[in-house]
$ cat upload30.pdb   # PDB, C-alpha atoms
ATOM      1  CA  MET A   1      57.501  55.622  30.708
ATOM      2  CA  LEU A   2      57.635  58.009  27.775
ATOM      3  CA  PRO A   3      58.570  56.622  24.348
ATOM      4  CA  ILE A   4      61.015  58.881  22.497
ATOM      5  CA  ARG A   5      61.466  56.981  19.256
ATOM      6  CA  ASP A   6      61.603  53.475  17.893
ATOM      7  CA  THR A   7      64.345  51.832  15.878
ATOM      8  CA  VAL A   8      62.360  50.706  12.842
ATOM      9  CA  ARG A   9      62.604  52.873   9.757
ATOM     10  CA  ALA A  10      59.473  52.969   7.634
ATOM     11  CA  ARG A  11      60.086  52.011   4.015
ATOM     12  CA  THR A  12      57.193  54.029   2.617
ATOM     13  CA  PHE A  13      55.971  57.564   3.277
ATOM     14  CA  PRO A  14      53.305  57.334   6.008
ATOM     15  CA  VAL A  15      50.646  59.380   4.247
ATOM     16  CA  GLY A  16      47.815  57.681   6.150
ATOM     17  CA  ASN A  17      49.374  58.157   9.562
ATOM     18  CA  LEU A  18      50.214  61.796   8.916
ATOM     19  CA  GLY A  19      46.694  62.285   7.576
ATOM     20  CA  LEU A  20      45.247  60.960  10.829
ATOM     21  CA  ILE A  21      47.493  63.237  12.843
ATOM     22  CA  LEU A  22      46.414  66.220  10.737
ATOM     23  CA  ALA A  23      42.728  65.311  11.078
ATOM     24  CA  ASN A  24      43.039  65.166  14.863
ATOM     25  CA  VAL A  25      44.856  68.505  14.932
ATOM     26  CA  LEU A  26      42.230  70.198  12.762
ATOM     27  CA  VAL A  27      39.378  68.942  14.933
ATOM     28  CA  PHE A  28      41.212  70.078  18.057
ATOM     29  CA  VAL A  29      41.809  73.533  16.561
ATOM     30  CA  TYR A  30      38.080  73.711  15.906
ATOM     31  CA  GLN A  31      37.381  72.616  19.494
ATOM     32  CA  ILE A  32      39.502  75.335  21.072
ATOM     33  CA  SER A  33      37.875  77.946  18.833
ATOM     34  CA  LEU A  34      34.471  77.261  20.397
ATOM     35  CA  SER A  35      32.916  78.922  23.388
ATOM     36  CA  GLN A  36      32.395  76.751  26.454
ATOM     37  CA  ALA A  37      28.741  76.307  25.547
ATOM     38  CA  GLY A  38      29.658  75.353  21.976
ATOM     39  CA  LEU A  39      32.275  72.884  23.212
ATOM     40  CA  ASP A  40      29.767  71.316  25.585
ATOM     41  CA  ARG A  41      27.332  70.841  22.703
ATOM     42  CA  LEU A  42      30.066  69.312  20.541
ATOM     43  CA  VAL A  43      31.008  66.823  23.246
ATOM     44  CA  ALA A  44      27.376  65.997  23.981
ATOM     45  CA  THR A  45      26.794  65.277  20.294
ATOM     46  CA  PHE A  46      29.949  63.484  19.184
ATOM     47  CA  ALA A  47      31.608  62.004  22.300
ATOM     48  CA  LEU A  48      30.767  58.451  23.320
ATOM     49  CA  ILE A  49      28.242  58.656  26.157
ATOM     50  CA  PRO A  50      27.124  55.105  26.981
ATOM     51  CA  ALA A  51      23.857  56.207  28.576
ATOM     52  CA  ARG A  52      22.777  57.818  25.291
ATOM     53  CA  ILE A  53      23.372  54.794  23.070
ATOM     54  CA  GLN A  54      19.905  53.708  21.969
ATOM     55  CA  CYS A  55      19.010  50.776  19.741
ATOM     56  CA  HIS A  56      16.276  52.747  17.990
ATOM     57  CA  ASN A  57      18.555  55.717  17.328
ATOM     58  CA  PRO A  58      21.246  54.744  14.767
ATOM     59  CA  ILE A  59      22.810  58.207  14.953
ATOM     60  CA  SER A  60      23.827  57.577  18.564
ATOM     61  CA  TRP A  61      25.911  54.625  17.386
ATOM     62  CA  MET A  62      27.963  56.940  15.187
ATOM     63  CA  THR A  63      29.643  58.229  18.348
ATOM     64  CA  PHE A  64      31.633  54.993  18.468
ATOM     65  CA  LEU A  65      33.464  56.518  15.496
ATOM     66  CA  THR A  66      33.276  60.268  16.091
ATOM     67  CA  HIS A  67      34.634  60.169  19.652
ATOM     68  CA  ILE A  68      37.998  59.059  18.233
ATOM     69  CA  PHE A  69      38.719  62.541  16.877
ATOM     70  CA  LEU A  70      37.879  64.582  19.993
ATOM     71  CA  HIS A  71      40.349  65.416  22.753
ATOM     72  CA  GLY A  72      40.103  66.851  26.231
ATOM     73  CA  GLY A  73      43.046  69.256  26.200
ATOM     74  CA  TRP A  74      46.574  69.988  25.042
ATOM     75  CA  PHE A  75      48.282  67.210  27.022
ATOM     76  CA  HIS A  76      45.671  64.706  25.884
ATOM     77  CA  ILE A  77      46.127  65.346  22.176
ATOM     78  CA  LEU A  78      49.904  65.866  22.249
ATOM     79  CA  SER A  79      50.572  62.644  24.154
ATOM     80  CA  ASN A  80      48.234  60.666  21.893
ATOM     81  CA  LEU A  81      49.600  62.004  18.635
ATOM     82  CA  TRP A  82      53.207  61.577  19.749
ATOM     83  CA  VAL A  83      52.635  57.864  20.341
ATOM     84  CA  LEU A  84      50.777  57.586  17.030
ATOM     85  CA  PHE A  85      53.684  59.305  15.272
ATOM     86  CA  ILE A  86      56.188  56.835  16.736
ATOM     87  CA  PHE A  87      54.351  53.572  16.081
ATOM     88  CA  GLY A  88      51.840  54.313  13.332
ATOM     89  CA  ASP A  89      54.202  54.745  10.406
ATOM     90  CA  ASN A  90      55.595  51.235  10.776
ATOM     91  CA  VAL A  91      52.182  49.611  11.106
ATOM     92  CA  GLU A  92      51.042  51.502   8.003
ATOM     93  CA  ASP A  93      54.219  50.351   6.275
ATOM     94  CA  ARG A  94      53.185  46.750   6.911
ATOM     95  CA  MET A  95      49.494  47.158   6.039
ATOM     96  CA  GLY A  96      49.431  49.781   3.322
ATOM     97  CA  SER A  97      47.714  53.143   3.711
ATOM     98  CA  VAL A  98      44.110  52.207   2.918
ATOM     99  CA  ARG A  99      44.039  49.074   5.060
ATOM    100  CA  TYR A 100      45.821  50.957   7.834
ATOM    101  CA  LEU A 101      43.164  53.693   7.894
ATOM    102  CA  ILE A 102      40.370  51.109   8.028
ATOM    103  CA  PHE A 103      42.215  49.230  10.764
ATOM    104  CA  TYR A 104      42.696  52.419  12.795
ATOM    105  CA  LEU A 105      39.028  53.390  12.622
ATOM    106  CA  LEU A 106      37.781  49.891  13.420
ATOM    107  CA  GLY A 107      40.266  49.660  16.286
ATOM    108  CA  GLY A 108      38.955  52.892  17.742
ATOM    109  CA  MET A 109      35.381  51.673  17.437
ATOM    110  CA  ALA A 110      36.238  48.340  19.071
ATOM    111  CA  ALA A 111      37.957  50.209  21.896
ATOM    112  CA  GLY A 112      34.867  52.362  22.361
ATOM    113  CA  LEU A 113      32.676  49.267  22.479
ATOM    114  CA  VAL A 114      34.796  47.683  25.228
ATOM    115  CA  GLN A 115      34.710  50.943  27.209
ATOM    116  CA  TYR A 116      30.925  51.020  26.722
ATOM    117  CA  LEU A 117      30.601  47.491  28.098
ATOM    118  CA  PHE A 118      32.851  48.031  31.131
ATOM    119  CA  THR A 119      32.106  51.626  32.096
ATOM    120  CA  THR A 120      31.131  52.196  35.716
ATOM    121  CA  ASP A 121      29.371  55.496  34.994
ATOM    122  CA  PRO A 122      27.481  55.545  31.667
ATOM    123  CA  THR A 123      26.902  59.293  31.888
ATOM    124  CA  ILE A 124      30.586  60.238  31.562
ATOM    125  CA  PRO A 125      31.618  61.099  27.961
ATOM    126  CA  ALA A 126      34.511  59.115  26.512
ATOM    127  CA  LEU A 127      36.608  60.863  23.897
ATOM    128  CA  GLY A 128      40.061  60.637  22.396
ATOM    129  CA  ALA A 129      42.192  58.690  19.942
ATOM    130  CA  SER A 130      43.931  56.541  22.541
ATOM    131  CA  GLY A 131      41.758  53.477  21.918
ATOM    132  CA  ALA A 132      42.553  53.545  18.197
ATOM    133  CA  ILE A 133      46.219  54.213  18.972
ATOM    134  CA  ALA A 134      46.190  51.252  21.367
ATOM    135  CA  ALA A 135      45.117  49.119  18.398
ATOM    136  CA  VAL A 136      48.137  50.434  16.486
ATOM    137  CA  MET A 137      50.333  49.523  19.454
ATOM    138  CA  GLY A 138      48.857  46.022  19.509
ATOM    139  CA  ALA A 139      49.690  45.635  15.818
ATOM    140  CA  TYR A 140      53.223  46.944  16.407
ATOM    141  CA  PHE A 141      53.631  44.419  19.240
ATOM    142  CA  LEU A 142      52.721  41.672  16.767
ATOM    143  CA  PHE A 143      54.745  42.887  13.782
ATOM    144  CA  TYR A 144      57.907  44.275  15.423
ATOM    145  CA  PRO A 145      58.523  42.516  18.748
ATOM    146  CA  HIS A 146      62.319  42.760  18.372
ATOM    147  CA  ALA A 147      62.427  46.470  17.608
ATOM    148  CA  ARG A 148      63.813  48.783  20.264
ATOM    149  CA  VAL A 149      61.940  51.666  21.848
ATOM    150  CA  VAL A 150      64.084  54.467  23.259
ATOM    151  CA  THR A 151      62.242  55.277  26.472
ATOM    152  CA  LEU A 152      62.480  58.018  29.079
ATOM    153  CA  VAL A 153      62.003  56.472  32.515
ATOM    154  CA  PRO A 154      61.463  59.105  35.233
ATOM    155  CA  ILE A 155      62.951  58.202  38.611
ATOM    156  CA  PHE A 156      62.202  60.827  41.257
ATOM    157  CA  PHE A 157      63.677  64.046  39.826
ATOM    158  CA  TRP A 158      65.826  62.305  37.224
ATOM    159  CA  GLY A 159      65.087  60.776  33.873
ATOM    160  CA  TRP A 160      66.896  57.805  32.373
ATOM    161  CA  PHE A 161      66.965  56.931  28.697
ATOM    162  CA  VAL A 162      66.857  53.188  28.094
ATOM    163  CA  GLN A 163      66.333  51.013  25.040
ATOM    164  CA  LEU A 164      63.629  48.469  25.628
ATOM    165  CA  PRO A 165      62.548  45.715  23.254
ATOM    166  CA  ALA A 166      59.155  46.660  21.855
ATOM    167  CA  VAL A 167      57.648  43.506  23.312
ATOM    168  CA  VAL A 168      58.805  44.633  26.777
ATOM    169  CA  PHE A 169      57.746  48.272  26.465
ATOM    170  CA  LEU A 170      54.328  47.470  25.025
ATOM    171  CA  GLY A 171      53.870  44.481  27.323
ATOM    172  CA  ILE A 172      54.477  46.629  30.405
ATOM    173  CA  TRP A 173      52.154  49.292  29.005
ATOM    174  CA  PHE A 174      49.355  46.777  28.454
ATOM    175  CA  LEU A 175      49.753  45.200  31.894
ATOM    176  CA  MET A 176      49.455  48.651  33.461
ATOM    177  CA  GLN A 177      46.223  49.290  31.538
ATOM    178  CA  ALA A 178      44.855  45.905  32.600
ATOM    179  CA  PHE A 179      45.754  46.516  36.240
ATOM    180  CA  TYR A 180      44.156  49.949  36.396
ATOM    181  CA  GLY A 181      41.190  48.721  34.369
ATOM    182  CA  VAL A 182      40.432  46.038  36.941
ATOM    183  CA  VAL A 183      40.970  48.498  39.780
ATOM    184  CA  ALA A 184      38.574  50.950  38.101
ATOM    185  CA  LEU A 185      35.836  48.317  38.309
ATOM    186  CA  THR A 186      36.236  48.078  42.063
ATOM    187  CA  VAL A 187      36.192  51.759  43.035
ATOM    188  CA  PRO A 188      33.215  54.120  43.124
ATOM    189  CA  ALA A 189      32.452  55.733  39.773
ATOM    190  CA  GLU A 190      33.033  59.198  41.182
ATOM    191  CA  ALA A 191      36.666  58.298  41.890
ATOM    192  CA  SER A 192      37.103  58.223  38.086
ATOM    193  CA  MET A 193      40.691  56.835  38.201
ATOM    194  CA  GLY A 194      42.067  60.076  36.779
ATOM    195  CA  GLY A 195      39.507  60.215  33.996
ATOM    196  CA  VAL A 196      41.322  57.589  31.896
ATOM    197  CA  ALA A 197      39.287  55.133  29.801
ATOM    198  CA  TRP A 198      41.418  52.138  30.746
ATOM    199  CA  TRP A 199      39.111  49.615  29.110
ATOM    200  CA  ALA A 200      39.258  51.444  25.782
ATOM    201  CA  HIS A 201      43.038  50.992  25.891
ATOM    202  CA  ILE A 202      42.654  47.309  26.727
ATOM    203  CA  GLY A 203      40.062  46.721  24.017
ATOM    204  CA  GLY A 204      42.019  48.615  21.381
ATOM    205  CA  PHE A 205      45.273  46.783  22.110
ATOM    206  CA  LEU A 206      43.599  43.367  21.983
ATOM    207  CA  PHE A 207      41.861  44.294  18.735
ATOM    208  CA  GLY A 208      45.215  45.231  17.219
ATOM    209  CA  LEU A 209      46.897  42.099  18.488
ATOM    210  CA  LEU A 210      44.162  39.768  17.248
ATOM    211  CA  MET A 211      43.129  41.451  14.005
ATOM    212  CA  ALA A 212      46.275  43.059  12.580
ATOM    213  CA  ARG A 213      47.234  40.092  10.410
ATOM    214  CA  LEU A 214      43.928  40.348   8.575
ATOM    215  CA  PHE A 215      44.926  43.816   7.381
ATOM    216  CA  CYS A 216      48.485  43.231   6.215
ATOM    217  CA  GLY A 217      47.665  41.075   3.169
ATOM    218  CA  ASN A 218      50.807  39.752   1.515
ATOM    219  CA  ARG A 219      52.977  41.957   3.758
ATOM    220  CA  CYS A 220      52.624  39.645   6.765
ATOM    221  CA  ALA A 221      55.892  37.871   6.048
ATOM    222  CA  PRO A 222      58.621  38.761   8.586
ATOM    223  CA  GLN A 223      60.648  41.827   7.689
ATOM    224  CA  GLU A 224      64.017  42.984   8.951
ATOM    225  CA  GLU A 225      63.908  45.544  11.733
ATOM    226  CA  THR A 226      66.921  47.814  11.401
ATOM    227  CA  TRP A 227      68.580  50.277  13.734
ATOM    228  CA  GLY A 228      72.020  51.771  13.299
ATOM    229  CA  ASN A 229      74.469  49.042  12.357
ATOM    230  CA  TYR A 230      72.347  46.259  13.801
ATOM    231  CA  ARG A 231      69.633  44.116  12.279
ATOM    232  CA  TYR A 232      66.839  42.431  14.202
ATOM    233  CA  LEU A 233      64.921  39.592  12.529
TER     234      LEU A 233
END

$ encode --input "upload30.pdb" --output "structure tokens"
Amino acid sequence: MLPIRDTVRARTFPVGNLGLILANVLVFVYQISLSQAGLDRLVATFALIPARIQCHNPISWMTFLTHIFLHGGWFHILSNLWVLFIFGDNVEDRMGSVRYLIFYLLGGMAAGLVQYLFTTDPTIPALGASGAIAAVMGAYFLFYPHARVVTLVPIFFWGWFVQLPAVVFLGIWFLMQAFYGVVALTVPAEASMGGVAWWAHIGGFLFGLLMARLFCGNRCAPQEETWGNYRYL
């Protein structure tokens, strides 16, 4: 399922969300400017490699933060930032820009920690914003369950556009991550399950779901979710 847009209009300009998107783009531009050797060094230094986390080396723990801004290719970054663009502005609208940025970074770190704990091969680098974005999705699930997500559902060679309640779209997404995460624990590490850090997605989403209310301050009161001529409360 590919989300196309949601039905909730942000009431404030999403400066924090757009800033995160820009930061990811700038880092990716830097990545693709490097030689293969330079890129390998960058990944070895700033990606989350569980086997290199050492209690006596505080710098290694910084990778729980730095891995959030690295990406493995064009599809990886475009798919991540598209989802962040759709859901992030509304979560920022509810939290405020500063709290949203802190929430995003902590969500990404929590996602990295869960991936660290459940990885089946500690030598494989984990990188990407999807854990932090999963936290944003968890917060959206909590704040806007009655919103609609216009979704492209591919069926064989055709694609169907459907409007799904956010609670359904995000619920299905999370169940898929949980399913593949459990499966990933039962297969040999070399199978890699497509190279997806399923447990980072799970950890990020649960962080967002459980912690989002702590970041919204006095904005936690229910707000109207509008789309077209309809209102969802």

$ atom_distance --input "upload30.pdb" --atom1 "CA of Tyr140 (chain A)" --atom2 "CA of Ala200 (chain A)"
17.4 Å

$ resolve_selection --input "upload30.pdb" --expression "the PyMOL selection byres ((chain A and resi 84) around 10)" --output "list of chain:residue names"
A:Asn17, A:Leu18, A:Leu20, A:Ile21, A:Leu78, A:Ser79, A:Asn80, A:Leu81, A:Trp82, A:Val83, A:Phe85, A:Ile86, A:Phe87, A:Gly88, A:Asp89, A:Ala129, A:Ser130, A:Ala132, A:Ile133, A:Ala134, A:Val136, A:Met137

$ resolve_selection --input "upload30.pdb" --expression "the PyMOL selection byres ((chain A and resi 121-123) around 8)" --output "list in words"
Ile49, Pro50, Ala51, Arg52, Tyr116, Thr119, Thr120, Ile124, Pro125 and Ala189 of chain A

$ closest_residue --input "upload30.pdb" --among "A:Ala184, A:Met95, A:Leu127, A:Ile77" --to "Leu42 (chain A)" --atoms "all atoms listed in the file"
A:Leu127

$ resolve_selection --input "upload30.pdb" --expression "the PyMOL selection byres ((chain A and resi 60) around 12)" --output "list in words"
Ala44, Thr45, Phe46, Ala47, Leu48, Ile49, Pro50, Ala51, Arg52, Ile53, Gln54, Cys55, His56, Asn57, Pro58, Ile59, Trp61, Met62, Thr63, Phe64, Leu65, Thr66 and His67 of chain A

$ closest_residue --input "upload30.pdb" --among "A:Leu39, A:Met176, A:Ala126, A:Ile68" --to "Val196 (chain A)" --atoms "all atoms listed in the file"
A:Ala126

$ atom_distance --input "upload30.pdb" --atom1 "CA of Leu152 (chain A)" --atom2 "CA of Ile4 (chain A)"
6.8 Å

$ closest_residue --input "upload30.pdb" --among "A:Asn90, A:Gln115, A:Thr12, A:Ser97" --to "Gly203 (chain A)" --atoms "all atoms listed in the file"
A:Gln115
